$ cat run_33.csv   # CSV, C-alpha atoms
chain,number,residue,atom,x,y,z
A,1012,ILE,CA,13.5,-43.9,-3.3
A,1013,GLU,CA,10.6,-44.5,-5.7
A,1014,LYS,CA,7.6,-46.9,-5.7
A,1015,PRO,CA,4.6,-46.9,-7.9
A,1016,ASP,CA,2.7,-44.1,-6.1
A,1017,THR,CA,5.4,-42.7,-3.7
A,1018,ARG,CA,8.6,-40.7,-4.0
A,1019,VAL,CA,11.3,-39.5,-1.6
A,1020,HIS,CA,13.9,-37.0,-2.6
A,1021,LEU,CA,16.6,-35.9,-0.2
A,1022,GLN,CA,19.5,-33.5,-1.0
A,1023,ALA,CA,21.9,-32.6,1.8
A,1024,SER,CA,25.4,-31.3,2.4
A,1025,TYR,CA,27.6,-30.9,5.4
A,1026,ASP,CA,30.9,-29.0,5.6
A,1027,ILE,CA,33.1,-30.7,8.1
A,1028,THR,CA,35.4,-27.6,8.5
A,1029,SER,CA,32.7,-25.0,9.2
A,1030,ARG,CA,30.2,-27.5,10.6
A,1031,GLU,CA,27.4,-26.2,8.4
A,1032,LEU,CA,24.5,-28.4,7.4
A,1033,SER,CA,21.8,-27.8,4.7
A,1034,PHE,CA,19.1,-30.1,3.3
A,1035,THR,CA,16.0,-30.2,1.2
A,1036,THR,CA,13.4,-33.0,1.4
A,1037,THR,CA,10.3,-33.8,-0.5
A,1038,SER,CA,8.2,-36.9,-0.1
A,1039,THR,CA,5.0,-38.6,-0.9
A,1040,ALA,CA,5.9,-41.8,0.9
A,1041,PRO,CA,3.7,-43.3,3.8
A,1042,VAL,CA,6.1,-42.1,6.5
A,1043,VAL,CA,4.2,-43.4,9.5
A,1044,LYS,CA,3.9,-46.9,8.0
A,1045,ILE,CA,7.5,-47.0,7.0
A,1046,ILE,CA,8.6,-46.0,10.5
A,1047,THR,CA,6.3,-48.5,12.2
A,1048,ASP,CA,7.3,-51.3,9.8
A,1049,TYR,CA,11.0,-50.6,10.3
A,1050,LEU,CA,10.9,-50.2,14.1
A,1051,LYS,CA,8.4,-53.1,14.5
A,1052,GLU,CA,7.9,-53.8,18.3
A,1053,ASP,CA,10.0,-50.7,19.2
A,1054,ALA,CA,7.7,-48.3,17.3
A,1055,PRO,CA,5.7,-45.9,19.6
A,1056,GLU,CA,2.2,-47.3,20.2
A,1057,THR,CA,0.6,-44.0,19.1
A,1058,LEU,CA,2.1,-44.4,15.6
A,1059,SER,CA,0.6,-47.8,15.2
A,1060,ARG,CA,-2.9,-46.3,15.8
A,1061,ILE,CA,-2.6,-43.8,13.0
A,1062,ARG,CA,-3.0,-44.9,9.4
A,1063,ALA,CA,-4.1,-43.7,6.0
A,1064,THR,CA,-7.2,-44.6,4.1
A,1065,ASN,CA,-7.4,-45.9,0.5
A,1066,GLY,CA,-3.6,-45.9,0.2
A,1067,SER,CA,-3.4,-42.1,0.5
A,1068,THR,CA,0.1,-40.7,1.2
A,1069,PRO,CA,1.3,-37.3,2.6
A,1070,GLN,CA,2.8,-34.5,0.7
A,1071,ILE,CA,5.9,-33.4,2.7
A,1072,GLN,CA,8.3,-30.6,2.1
A,1073,LEU,CA,11.1,-29.8,4.6
A,1074,ASN,CA,14.1,-27.4,4.1
A,1075,GLY,CA,16.7,-26.5,6.6
A,1076,THR,CA,20.1,-25.1,7.4
A,1077,ALA,CA,22.1,-25.3,10.6
A,1078,ALA,CA,25.6,-24.2,11.8
A,1079,PHE,CA,27.2,-25.7,14.9
A,1080,SER,CA,29.9,-24.7,17.3
A,1081,GLU,CA,32.9,-27.0,18.2
A,1082,ASP,CA,30.8,-28.7,20.9
A,1083,PHE,CA,27.8,-28.9,18.5
A,1084,ALA,CA,25.8,-26.2,20.2
A,1085,LEU,CA,23.8,-24.2,17.7
A,1086,ASN,CA,25.3,-21.1,16.0
A,1087,SER,CA,22.2,-20.8,13.9
A,1088,ILE,CA,19.2,-22.9,12.6
A,1089,THR,CA,16.5,-22.4,10.0
A,1090,LEU,CA,13.7,-24.8,9.2
A,1091,LEU,CA,10.7,-24.5,6.8
A,1092,GLY,CA,8.2,-27.3,6.6
A,1093,LYS,CA,4.8,-28.2,5.0
A,1094,LEU,CA,2.6,-31.3,5.4
A,1095,GLU,CA,-0.7,-32.2,3.8
A,1096,GLN,CA,-2.6,-35.4,3.7
A,1097,ARG,CA,-6.2,-36.5,2.9
A,1098,GLY,CA,-7.8,-39.6,4.5
A,1099,LEU,CA,-6.3,-40.2,7.9
A,1100,VAL,CA,-7.6,-42.5,10.7
A,1101,PHE,CA,-6.8,-41.8,14.3
A,1102,GLY,CA,-7.7,-45.0,16.2
A,1103,LYS,CA,-11.2,-45.5,14.8
A,1104,GLN,CA,-11.9,-41.9,13.9
A,1105,GLU,CA,-11.5,-40.8,10.3
A,1106,ALA,CA,-10.2,-37.3,9.4
A,1107,ASP,CA,-10.8,-35.8,6.0
A,1108,HIS,CA,-7.9,-33.5,5.6
A,1109,LEU,CA,-4.7,-32.5,7.5
A,1110,GLN,CA,-2.6,-29.4,6.8
A,1111,LEU,CA,0.4,-28.1,8.6
A,1112,SER,CA,3.1,-25.5,7.8
A,1113,PHE,CA,5.8,-23.9,10.1
A,1114,PHE,CA,8.9,-21.8,10.0
A,1115,MET,CA,11.7,-21.5,12.6
A,1116,LYS,CA,14.8,-19.3,12.7
A,1117,ASP,CA,17.1,-19.5,15.7
A,1118,GLY,CA,14.8,-18.9,18.7
A,1119,ASP,CA,11.8,-17.6,16.7
A,1120,PHE,CA,9.1,-20.0,15.6
A,1121,ASN,CA,5.9,-19.6,13.6
A,1122,LEU,CA,3.3,-22.4,13.3
A,1123,ASP,CA,1.0,-20.5,10.8
A,1124,GLN,CA,-1.3,-23.4,10.0
A,1125,CYS,CA,-2.2,-26.6,11.7
A,1126,MET,CA,-5.7,-27.8,10.7
A,1127,ILE,CA,-7.5,-31.2,10.9
A,1128,ASN,CA,-10.9,-31.4,9.3
A,1129,PHE,CA,-13.3,-34.1,10.4
A,1130,PRO,CA,-16.7,-35.1,8.8
A,1131,GLU,CA,-18.6,-33.0,11.4
A,1132,GLY,CA,-16.1,-30.6,12.9
A,1133,HIS,CA,-12.5,-29.4,13.0
A,1134,LEU,CA,-9.4,-28.8,15.1
A,1135,ARG,CA,-7.2,-25.8,14.3
A,1136,CYS,CA,-4.1,-24.3,16.0
A,1137,ALA,CA,-1.5,-21.7,15.5
A,1138,ALA,CA,1.6,-20.6,17.5
A,1139,GLN,CA,4.2,-17.9,17.3
A,1140,VAL,CA,7.4,-17.2,19.4
A,1141,ALA,CA,9.6,-14.2,18.9
A,1142,ASN,CA,12.3,-12.6,21.1
A,1143,GLY,CA,11.7,-15.1,23.9
A,1144,THR,CA,7.9,-14.7,24.2
A,1145,GLY,CA,5.1,-16.2,22.3
A,1146,LYS,CA,1.4,-17.3,22.2
A,1147,ALA,CA,-0.6,-20.2,20.9
A,1148,GLU,CA,-4.2,-20.6,19.9
A,1149,LEU,CA,-6.3,-23.8,19.7
A,1150,GLU,CA,-9.8,-24.0,18.4
A,1151,ILE,CA,-12.0,-27.1,18.6
A,1152,SER,CA,-15.5,-27.8,17.3
A,1153,LEU,CA,-16.0,-31.6,17.7
A,1154,SER,CA,-18.5,-34.0,19.2
A,1155,ASP,CA,-17.7,-35.7,22.5
A,1156,GLU,CA,-17.4,-39.1,20.7
A,1157,VAL,CA,-14.7,-37.7,18.3
A,1158,ILE,CA,-12.8,-36.0,21.2
A,1159,LEU,CA,-12.9,-39.3,23.2
A,1160,GLU,CA,-11.6,-41.3,20.3
A,1161,LEU,CA,-8.7,-38.9,19.8
A,1162,VAL,CA,-7.8,-39.1,23.5
A,1163,ARG,CA,-8.0,-42.9,23.3
A,1164,CYS,CA,-5.7,-42.9,20.2
A,1165,PHE,CA,-2.9,-40.7,21.8
A,1166,SER,CA,-3.2,-42.1,25.4
A,1167,GLY,CA,-3.6,-45.7,24.5
A,1168,ASP,CA,-6.5,-46.1,26.9
A,1169,GLU,CA,-9.0,-48.0,24.8
A,1170,LYS,CA,-11.5,-48.3,27.7
A,1171,LEU,CA,-11.8,-44.6,28.2
A,1172,ALA,CA,-15.5,-43.5,28.1
A,1173,LEU,CA,-17.9,-41.0,29.5
A,1174,PRO,CA,-20.5,-42.0,32.0
A,1175,GLN,CA,-23.6,-43.5,30.2
A,1176,GLU,CA,-25.8,-40.9,32.0
A,1177,LEU,CA,-23.8,-38.0,30.4
A,1178,SER,CA,-24.7,-36.7,27.0
A,1179,PHE,CA,-24.3,-33.5,24.9
A,1180,SER,CA,-26.9,-32.1,22.5
A,1181,SER,CA,-24.3,-30.5,20.2
A,1182,ASN,CA,-20.6,-30.2,19.4
A,1183,LEU,CA,-18.3,-29.1,22.1
A,1184,GLU,CA,-16.8,-25.7,21.1
A,1185,ALA,CA,-13.6,-24.7,22.8
A,1186,HIS,CA,-11.0,-22.0,22.4
A,1187,LEU,CA,-7.6,-22.2,24.2
A,1188,SER,CA,-5.1,-19.4,24.2
A,1189,CYS,CA,-1.7,-19.7,25.9
A,1190,GLU,CA,1.3,-17.4,26.6
A,1191,MET,CA,4.8,-19.0,26.4
A,1192,SER,CA,8.4,-18.1,26.9
A,1193,THR,CA,11.7,-19.4,25.7
A,1194,ALA,CA,15.3,-19.0,26.8
A,1195,PRO,CA,17.2,-16.4,24.8
A,1196,PHE,CA,18.9,-17.8,21.7
A,1197,ILE,CA,22.7,-17.5,22.2
A,1198,ALA,CA,24.8,-18.5,19.2
A,1199,GLY,CA,27.3,-21.1,20.2
A,1200,LYS,CA,25.6,-22.0,23.5
A,1201,SER,CA,21.9,-22.8,22.7
A,1202,ARG,CA,20.8,-26.3,22.0
A,1203,ILE,CA,17.7,-27.8,20.5
A,1204,GLU,CA,16.1,-28.5,23.8
A,1205,ASP,CA,16.5,-24.8,24.7
A,1206,LEU,CA,14.2,-23.9,21.9
A,1207,ILE,CA,11.2,-25.7,23.5
A,1208,PRO,CA,8.8,-23.1,24.9
A,1209,ALA,CA,7.5,-23.1,28.5
A,1210,LEU,CA,3.9,-22.4,29.3
A,1211,LYS,CA,3.2,-19.3,31.4
A,1212,SER,CA,-0.5,-18.7,31.3
A,1213,SER,CA,-3.6,-19.9,29.6
A,1214,GLN,CA,-7.3,-19.1,29.0
A,1215,LEU,CA,-9.9,-21.7,28.0
A,1216,GLN,CA,-13.4,-20.8,26.7
A,1217,PHE,CA,-15.9,-23.6,26.4
A,1218,ARG,CA,-19.5,-23.8,25.3
A,1219,THR,CA,-22.0,-26.3,24.0
A,1220,GLY,CA,-25.8,-26.8,23.7
A,1221,ASP,CA,-27.4,-28.7,26.6
A,1222,ILE,CA,-25.6,-31.1,29.0
A,1223,ILE,CA,-27.7,-33.9,30.3
A,1224,PHE,CA,-26.6,-36.1,33.2
A,1225,ASP,CA,-28.8,-38.7,34.8
A,1226,GLY,CA,-32.0,-36.7,34.0
A,1227,ALA,CA,-30.5,-33.4,35.1
A,1228,LYS,CA,-30.1,-30.7,32.4
A,1229,LEU,CA,-27.8,-27.7,32.1
A,1230,LEU,CA,-29.1,-25.5,29.4
A,1231,SER,CA,-26.7,-23.5,27.1
A,1232,PRO,CA,-23.7,-23.5,29.5
A,1233,THR,CA,-20.5,-21.5,28.9
A,1234,LEU,CA,-17.2,-21.9,30.8
A,1235,ASN,CA,-14.2,-19.7,31.1
A,1236,LEU,CA,-11.0,-20.7,32.8
A,1237,GLU,CA,-8.0,-18.4,33.2
A,1238,VAL,CA,-4.7,-19.7,34.7
A,1239,SER,CA,-1.6,-17.5,35.2
A,1240,GLY,CA,1.8,-17.7,36.8
A,1241,ILE,CA,2.5,-21.3,35.7
A,1242,SER,CA,5.8,-22.9,36.6
A,1243,TYR,CA,6.8,-26.6,36.7
A,1244,GLN,CA,10.0,-28.4,37.6
A,1245,ASP,CA,9.7,-30.9,40.5
A,1246,ASP,CA,6.4,-29.4,41.5
A,1247,ILE,CA,3.6,-27.6,39.6
A,1248,LYS,CA,2.9,-24.1,40.7
A,1249,VAL,CA,0.1,-21.7,39.7
A,1250,GLN,CA,-0.2,-18.2,41.1
A,1251,HIS,CA,-3.9,-17.7,40.1
A,1252,ALA,CA,-6.8,-19.6,38.6
A,1253,HIS,CA,-10.3,-18.3,37.9
A,1254,LEU,CA,-13.2,-20.5,36.7
A,1255,GLN,CA,-16.5,-19.0,35.6
A,1256,LEU,CA,-19.6,-21.1,34.7
A,1257,ARG,CA,-22.7,-19.6,33.3
A,1258,ALA,CA,-26.0,-21.4,32.4
A,1259,ALA,CA,-29.4,-20.2,31.4
A,1260,ASN,CA,-31.2,-22.9,33.4
A,1261,ALA,CA,-30.4,-26.0,35.5
A,1262,LEU,CA,-33.2,-28.6,35.7
A,1263,GLU,CA,-33.4,-31.7,37.9
A,1264,ASN,CA,-36.7,-33.4,38.6
A,1265,GLN,CA,-38.8,-30.9,40.5
A,1266,LEU,CA,-35.9,-28.4,40.9
A,1267,GLU,CA,-35.4,-25.6,38.4
A,1268,THR,CA,-32.6,-23.0,38.8
A,1269,ARG,CA,-32.5,-20.0,36.4
A,1270,ASP,CA,-29.7,-17.7,35.5
A,1271,VAL,CA,-26.9,-19.7,37.2
A,1272,HIS,CA,-23.5,-18.1,37.8
A,1273,LEU,CA,-20.6,-19.8,39.4
A,1274,ASP,CA,-17.2,-18.2,40.1
A,1275,LEU,CA,-14.2,-20.0,41.6
A,1276,GLU,CA,-10.9,-18.3,42.4
A,1277,LEU,CA,-7.8,-20.2,43.5
A,1278,ASN,CA,-4.6,-18.5,44.6
A,1279,ASP,CA,-1.1,-19.9,45.2
A,1280,ILE,CA,-1.7,-23.4,43.9
A,1281,LEU,CA,0.9,-26.1,44.5
A,1282,SER,CA,0.9,-29.7,43.5
A,1283,ASP,CA,3.4,-32.5,43.2
A,1284,SER,CA,4.3,-33.7,39.7
A,1285,GLY,CA,2.1,-36.8,40.2
A,1286,LEU,CA,-1.0,-34.7,41.1
A,1287,GLU,CA,-1.4,-36.7,44.3
A,1288,THR,CA,-1.7,-33.7,46.7
A,1289,LEU,CA,-3.0,-30.2,46.2
A,1290,LYS,CA,-2.3,-27.1,48.3
A,1291,LEU,CA,-4.3,-23.9,47.9
A,1292,GLY,CA,-3.3,-20.6,49.5
A,1293,HIS,CA,-6.7,-18.9,49.3
A,1294,THR,CA,-10.0,-20.0,47.7
A,1295,VAL,CA,-13.2,-18.1,47.0
A,1296,LEU,CA,-16.4,-19.6,45.6
A,1297,ASN,CA,-19.3,-17.5,44.5
A,1298,VAL,CA,-22.6,-19.1,43.5
A,1299,ASN,CA,-25.5,-16.9,42.3
A,1300,ALA,CA,-28.9,-17.8,40.9
A,1301,GLY,CA,-31.7,-15.5,39.7
A,1302,ALA,CA,-34.4,-17.9,40.8
A,1303,VAL,CA,-34.8,-21.4,42.3
A,1304,GLU,CA,-38.1,-23.3,42.1
A,1305,LEU,CA,-38.7,-26.5,44.1
A,1306,ASP,CA,-42.2,-27.9,44.3
A,1307,ASN,CA,-44.1,-25.0,45.7
A,1308,ILE,CA,-41.1,-23.2,47.1
A,1309,SER,CA,-39.7,-20.2,45.3
A,1310,LEU,CA,-36.4,-18.5,46.0
A,1311,ASN,CA,-35.4,-15.2,44.4
A,1312,ARG,CA,-31.8,-13.9,43.9
A,1313,LEU,CA,-29.8,-16.4,45.9
A,1314,GLN,CA,-26.1,-15.4,46.5
A,1315,CYS,CA,-23.6,-17.5,48.3
A,1316,THR,CA,-19.9,-16.8,49.0
A,1317,SER,CA,-17.5,-19.2,50.7
A,1318,SER,CA,-13.8,-18.7,51.3
A,1319,ALA,CA,-11.0,-20.7,52.8
A,1320,ASP,CA,-7.3,-20.3,53.5
A,1321,LYS,CA,-4.5,-22.9,53.4
A,1322,LEU,CA,-6.4,-25.8,52.1
A,1323,GLU,CA,-4.5,-29.1,51.7
A,1324,LEU,CA,-6.1,-32.0,49.9
A,1325,SER,CA,-4.8,-35.5,49.2
A,1326,PHE,CA,-6.7,-37.2,46.4
A,1327,ASP,CA,-6.3,-40.6,48.0
A,1328,HIS,CA,-7.8,-39.5,51.3
A,1329,PRO,CA,-9.7,-36.2,50.6
A,1330,ILE,CA,-11.5,-36.0,53.9
A,1331,GLU,CA,-8.8,-37.3,56.3
A,1332,THR,CA,-6.2,-34.9,55.1
A,1333,LEU,CA,-8.2,-31.7,54.7
A,1334,GLU,CA,-6.8,-28.8,56.7
A,1335,SER,CA,-8.2,-25.3,56.8
A,1336,SER,CA,-7.0,-22.3,58.7
A,1337,ALA,CA,-10.5,-20.9,58.4
A,1338,LEU,CA,-13.7,-21.3,56.4
A,1339,ALA,CA,-16.3,-18.6,56.0
A,1340,ILE,CA,-19.7,-18.8,54.3
A,1341,HIS,CA,-22.0,-15.9,53.6
A,1342,ALA,CA,-25.4,-16.4,51.9
A,1343,THR,CA,-28.2,-13.9,51.1
A,1344,LEU,CA,-31.7,-14.4,49.7
A,1345,GLU,CA,-33.8,-11.5,48.4
A,1346,SER,CA,-37.1,-13.3,49.0
A,1347,LEU,CA,-38.7,-16.7,49.7
A,1348,HIS,CA,-42.3,-17.8,48.9
A,1349,ARG,CA,-44.1,-21.0,49.9
A,1350,GLY,CA,-47.8,-20.9,49.5
A,1351,ASP,CA,-49.1,-18.0,51.7
A,1352,ILE,CA,-45.8,-17.7,53.5
A,1353,SER,CA,-43.3,-15.0,52.3
A,1354,ALA,CA,-40.0,-13.8,53.7
A,1355,GLU,CA,-37.6,-11.1,52.5
A,1356,GLY,CA,-34.0,-10.1,53.2
A,1357,ILE,CA,-32.7,-13.5,54.5
A,1358,ALA,CA,-29.0,-13.7,55.4
A,1359,LEU,CA,-26.8,-16.5,56.8
A,1360,ASP,CA,-23.2,-16.2,58.1
A,1361,VAL,CA,-21.1,-19.2,59.1
A,1362,ASN,CA,-17.5,-19.2,60.4
A,1363,ILE,CA,-15.7,-22.4,61.0
A,1364,PRO,CA,-12.3,-22.4,62.8
A,1365,PRO,CA,-9.3,-24.3,61.6
A,1366,LEU,CA,-10.0,-28.0,61.1
A,1367,ILE,CA,-7.0,-30.4,61.4
A,1368,THR,CA,-7.5,-34.1,61.0
A,1369,SER,CA,-4.3,-36.1,61.6
A,1370,GLN,CA,-5.8,-39.6,61.6
A,1371,PRO,CA,-8.6,-41.3,59.8
A,1372,PHE,CA,-12.0,-40.6,61.3
A,1373,GLU,CA,-12.7,-44.3,61.9
A,1374,SER,CA,-9.6,-44.6,64.2
A,1375,MET,CA,-10.6,-41.7,66.4
A,1376,PRO,CA,-11.6,-42.6,70.0
A,1377,SER,CA,-15.4,-42.6,70.6
A,1378,PRO,CA,-16.6,-39.8,72.9
A,1379,SER,CA,-18.0,-40.7,76.3
A,1380,PRO,CA,-21.8,-41.1,76.5
A,1381,PRO,CA,-23.3,-37.7,77.3
A,1382,LEU,CA,-25.1,-39.0,80.5
A,1383,ALA,CA,-22.3,-41.1,81.9
A,1384,GLY,CA,-22.0,-40.9,85.7
A,1385,LEU,CA,-25.5,-39.5,86.2
A,1386,THR,CA,-28.0,-41.3,88.5
A,1387,ALA,CA,-31.6,-41.9,87.6
A,1388,GLU,CA,-32.5,-38.9,89.7
$ encode --input "run_33.csv" --output "structure tokens"
Amino acid sequence: IEKPDTRVHLQASYDITSRELSFTTTSTAPVVKIITDYLKEDAPETLSRIRATNGSTPQIQLNGTAAFSEDFALNSITLLGKLEQRGLVFGKQEADHLQLSFFMKDGDFNLDQCMINFPEGHLRCAAQVANGTGKAELEISLSDEVILELVRCFSGDEKLALPQELSFSSNLEAHLSCEMSTAPFIAGKSRIEDLIPALKSSQLQFRTGDIIFDGAKLLSPTLNLEVSGISYQDDIKVQHAHLQLRAANALENQLETRDVHLDLELNDILSDSGLETLKLGHTVLNVNAGAVELDNISLNRLQCTSSADKLELSFDHPIETLESSALAIHATLESLHRGDISAEGIALDVNIPPLITSQPFESMPSPSPPLAGLTAE
């Protein structure tokens, strides 16, 4: 197929007796536009939001071989592909350059390059699967406006936006690493869908300049999230999740908090596939601050730990369906100063027994007046 600035070349063969397929493809044709024009109203909406600028076309190379059993399971498969294009638009966001290359042989897979460069940032990822286990890395350095536009493009939600009060002073820097697994490749039994990896664990590292929300500032925050023991079929299960947040300062009006550390650990997490309910086996939250200044009150070395068991939360009714076997809070303060008043070694311990609410609070019967039945005497 040839047009003034495009070319598609396909060479393929298939042996009916041995059920062996081989092919070689090279193309400079506008593949996305051809697909959307051909499918018309049946084309995926995401494809209709991706286009090329100035008539640019992709450079595509794809080679492969495959051998099938009598019931068309895979005896073997090999794929080698490359894609490169300049001048792409995702929704309303223009990208300068896209590069992708990958190799697959039976159950092993290697995405050695996937990179999208934007005018003021980039997105890069790589992945590798060998002998049933693998890992993937994703690196992002983009502004919040670019990230939002990419999410709008692929989700179709054109109204998606951050709160007007929220802003970032610099690009959002994120690094995501994942561990994956695949079913063993068995010649004559494995099928294409068996080659799709399953996510087992992940770690997210995030940092940016300053975060400003409705006048409050979080200076130089960093975030680290680790998730392990992931499984998902009818329900989503996670054995362990650990969230760490660090910030040099937190400012809000007259309140200043320095050297902020927040640690949240969640164990035995269970959620339905629609994410309507969330069950937590054990939860621990640690909040530490080097110093807290509010007007003329000064707090030094604040530490607070709270823990809970068997929490169950419904996102439609978060208060009414909250159940806890026990809730414990322990807080310590090295010193407090307010004018001429000083205190040192302050500690607070709170233990709350199981709280079970089986009906909305507004439908609960009102308690009797505390003085009912008493005479004026």
$ closest_residue --input "run_33.csv" --among "A:Ser1242, A:Ser1192, A:Ser1033, A:Ser1201" --to "Asn1142 (chain A)" --atoms "all atoms listed in the file"
A:Ser1192
$ atom_distance --input "run_33.csv" --atom1 "CA of Val1238 (chain A)" --atom2 "CA of Gln1214 (chain A)"
6.3 Å
$ closest_residue --input "run_33.csv" --among "A:Thr1037, A:Ser1188, A:Gln1175, A:Thr1089" --to "Leu1236 (chain A)" --atoms "all atoms listed in the file"
A:Ser1188
$ residues_around --input "run_33.csv" --residues "region 1255-1267 of chain A" --least-positions-apart "5" --cutoff "6 Å" --atoms "all atoms listed in the file" --output "tab-separated table (two decimals) with C-alpha atoms, keeping the file's coordinate frame"
chain	number	residue	atom	x	y	z
A	1227	ALA	CA	-30.50	-33.40	35.10
A	1228	LYS	CA	-30.10	-30.70	32.40
A	1229	LEU	CA	-27.80	-27.70	32.10
A	1230	LEU	CA	-29.10	-25.50	29.40
A	1231	SER	CA	-26.70	-23.50	27.10
A	1232	PRO	CA	-23.70	-23.50	29.50
A	1233	THR	CA	-20.50	-21.50	28.90
A	1234	LEU	CA	-17.20	-21.90	30.80
A	1235	ASN	CA	-14.20	-19.70	31.10
A	1272	HIS	CA	-23.50	-18.10	37.80
A	1273	LEU	CA	-20.60	-19.80	39.40
A	1274	ASP	CA	-17.20	-18.20	40.10
A	1303	VAL	CA	-34.80	-21.40	42.30
A	1304	GLU	CA	-38.10	-23.30	42.10
A	1305	LEU	CA	-38.70	-26.50	44.10
A	1306	ASP	CA	-42.20	-27.90	44.30
$ atom_distance --input "run_33.csv" --atom1 "CA of Lys1211 (chain A)" --atom2 "CA of Ser1239 (chain A)"
6.4 Å
$ closest_residue --input "run_33.csv" --among "A:Gly1301, A:Asn1362, A:Gly1240, A:Asn1307" --to "Glu1345 (chain A)" --atoms "all atoms listed in the file"
A:Gly1301
$ atom_distance --input "run_33.csv" --atom1 "CA of Ala1337 (chain A)" --atom2 "CA of Ile1247 (chain A)"
24.4 Å
$ residues_around --input "run_33.csv" --residues "region 1060-1071 of chain A" --least-positions-apart "3" --cutoff "12 Å" --atoms "only C-alpha atoms" --output "number ranges by chain"
A: 1014-1021, 1035-1047, 1054-1057, 1074, 1091-1112, 1160-1169
$ closest_residue --input "run_33.csv" --among "A:Ile1222, A:Val1295, A:Val1249, A:Leu1347" --to "Leu1310 (chain A)" --atoms "only C-alpha atoms"
A:Leu1347
$ residues_around --input "run_33.csv" --residues "Leu1275 (chain A)" --least-positions-apart "3" --cutoff "10 Å" --atoms "all atoms listed in the file" --output "number ranges by chain"
A: 1236, 1252-1256, 1294-1298, 1316-1318
$ write_last_selection --input "run_33.csv" --atoms "C-alpha atoms" --output "mmCIF file, in the frame of the given file"
data_model
loop_
_atom_site.group_PDB
_atom_site.id
_atom_site.type_symbol
_atom_site.label_atom_id
_atom_site.label_comp_id
_atom_site.auth_asym_id
_atom_site.auth_seq_id
_atom_site.Cartn_x
_atom_site.Cartn_y
_atom_site.Cartn_z
ATOM 1 C CA LEU A 1236 -11.000 -20.700 32.800
ATOM 2 C CA ALA A 1252 -6.800 -19.600 38.600
ATOM 3 C CA HIS A 1253 -10.300 -18.300 37.900
ATOM 4 C CA LEU A 1254 -13.200 -20.500 36.700
ATOM 5 C CA GLN A 1255 -16.500 -19.000 35.600
ATOM 6 C CA LEU A 1256 -19.600 -21.100 34.700
ATOM 7 C CA THR A 1294 -10.000 -20.000 47.700
ATOM 8 C CA VAL A 1295 -13.200 -18.100 47.000
ATOM 9 C CA LEU A 1296 -16.400 -19.600 45.600
ATOM 10 C CA ASN A 1297 -19.300 -17.500 44.500
ATOM 11 C CA VAL A 1298 -22.600 -19.100 43.500
ATOM 12 C CA THR A 1316 -19.900 -16.800 49.000
ATOM 13 C CA SER A 1317 -17.500 -19.200 50.700
ATOM 14 C CA SER A 1318 -13.800 -18.700 51.300
#
$ residues_around --input "run_33.csv" --residues "Ile1203 (chain A)" --least-positions-apart "6" --cutoff "10 Å" --atoms "all atoms listed in the file" --output "MDAnalysis selection string"
chainID A and resid 1084:1085 1088 1117:1118
$ closest_residue --input "run_33.csv" --among "A:Glu1176, A:Asp1320, A:Glu1156, A:Asp1283" --to "Asp1246 (chain A)" --atoms "only C-alpha atoms"
A:Asp1283
$ closest_residue --input "run_33.csv" --among "A:Val1361, A:Ile1340, A:Leu1153, A:Leu1313" --to "Ser1181 (chain A)" --atoms "only C-alpha atoms"
A:Leu1153
$ residues_around --input "run_33.csv" --residues "Glu1190 (chain A)" --least-positions-apart "2" --cutoff "10 Å" --atoms "only C-alpha atoms" --output "count of residues only"
19
$ closest_atom_pairs --input "run_33.csv" --of "region 1173-1251 of chain A" --to "region 1077-1080 of chain A" --cutoff "12 Å" --atoms "all atoms listed in the file" --output "JSON lines"
{"residue": "A:Ile1197", "atom": "CA", "partner": "A:Ser1080", "partner_atom": "CA", "distance": 11.3}
{"residue": "A:Ala1198", "atom": "CA", "partner": "A:Ser1080", "partner_atom": "CA", "distance": 8.2}
{"residue": "A:Gly1199", "atom": "CA", "partner": "A:Ser1080", "partner_atom": "CA", "distance": 5.3}
{"residue": "A:Lys1200", "atom": "CA", "partner": "A:Ser1080", "partner_atom": "CA", "distance": 8.0}
{"residue": "A:Ser1201", "atom": "CA", "partner": "A:Ser1080", "partner_atom": "CA", "distance": 9.8}
{"residue": "A:Arg1202", "atom": "CA", "partner": "A:Phe1079", "partner_atom": "CA", "distance": 9.6}
{"residue": "A:Ile1203", "atom": "CA", "partner": "A:Ala1077", "partner_atom": "CA", "distance": 11.1}
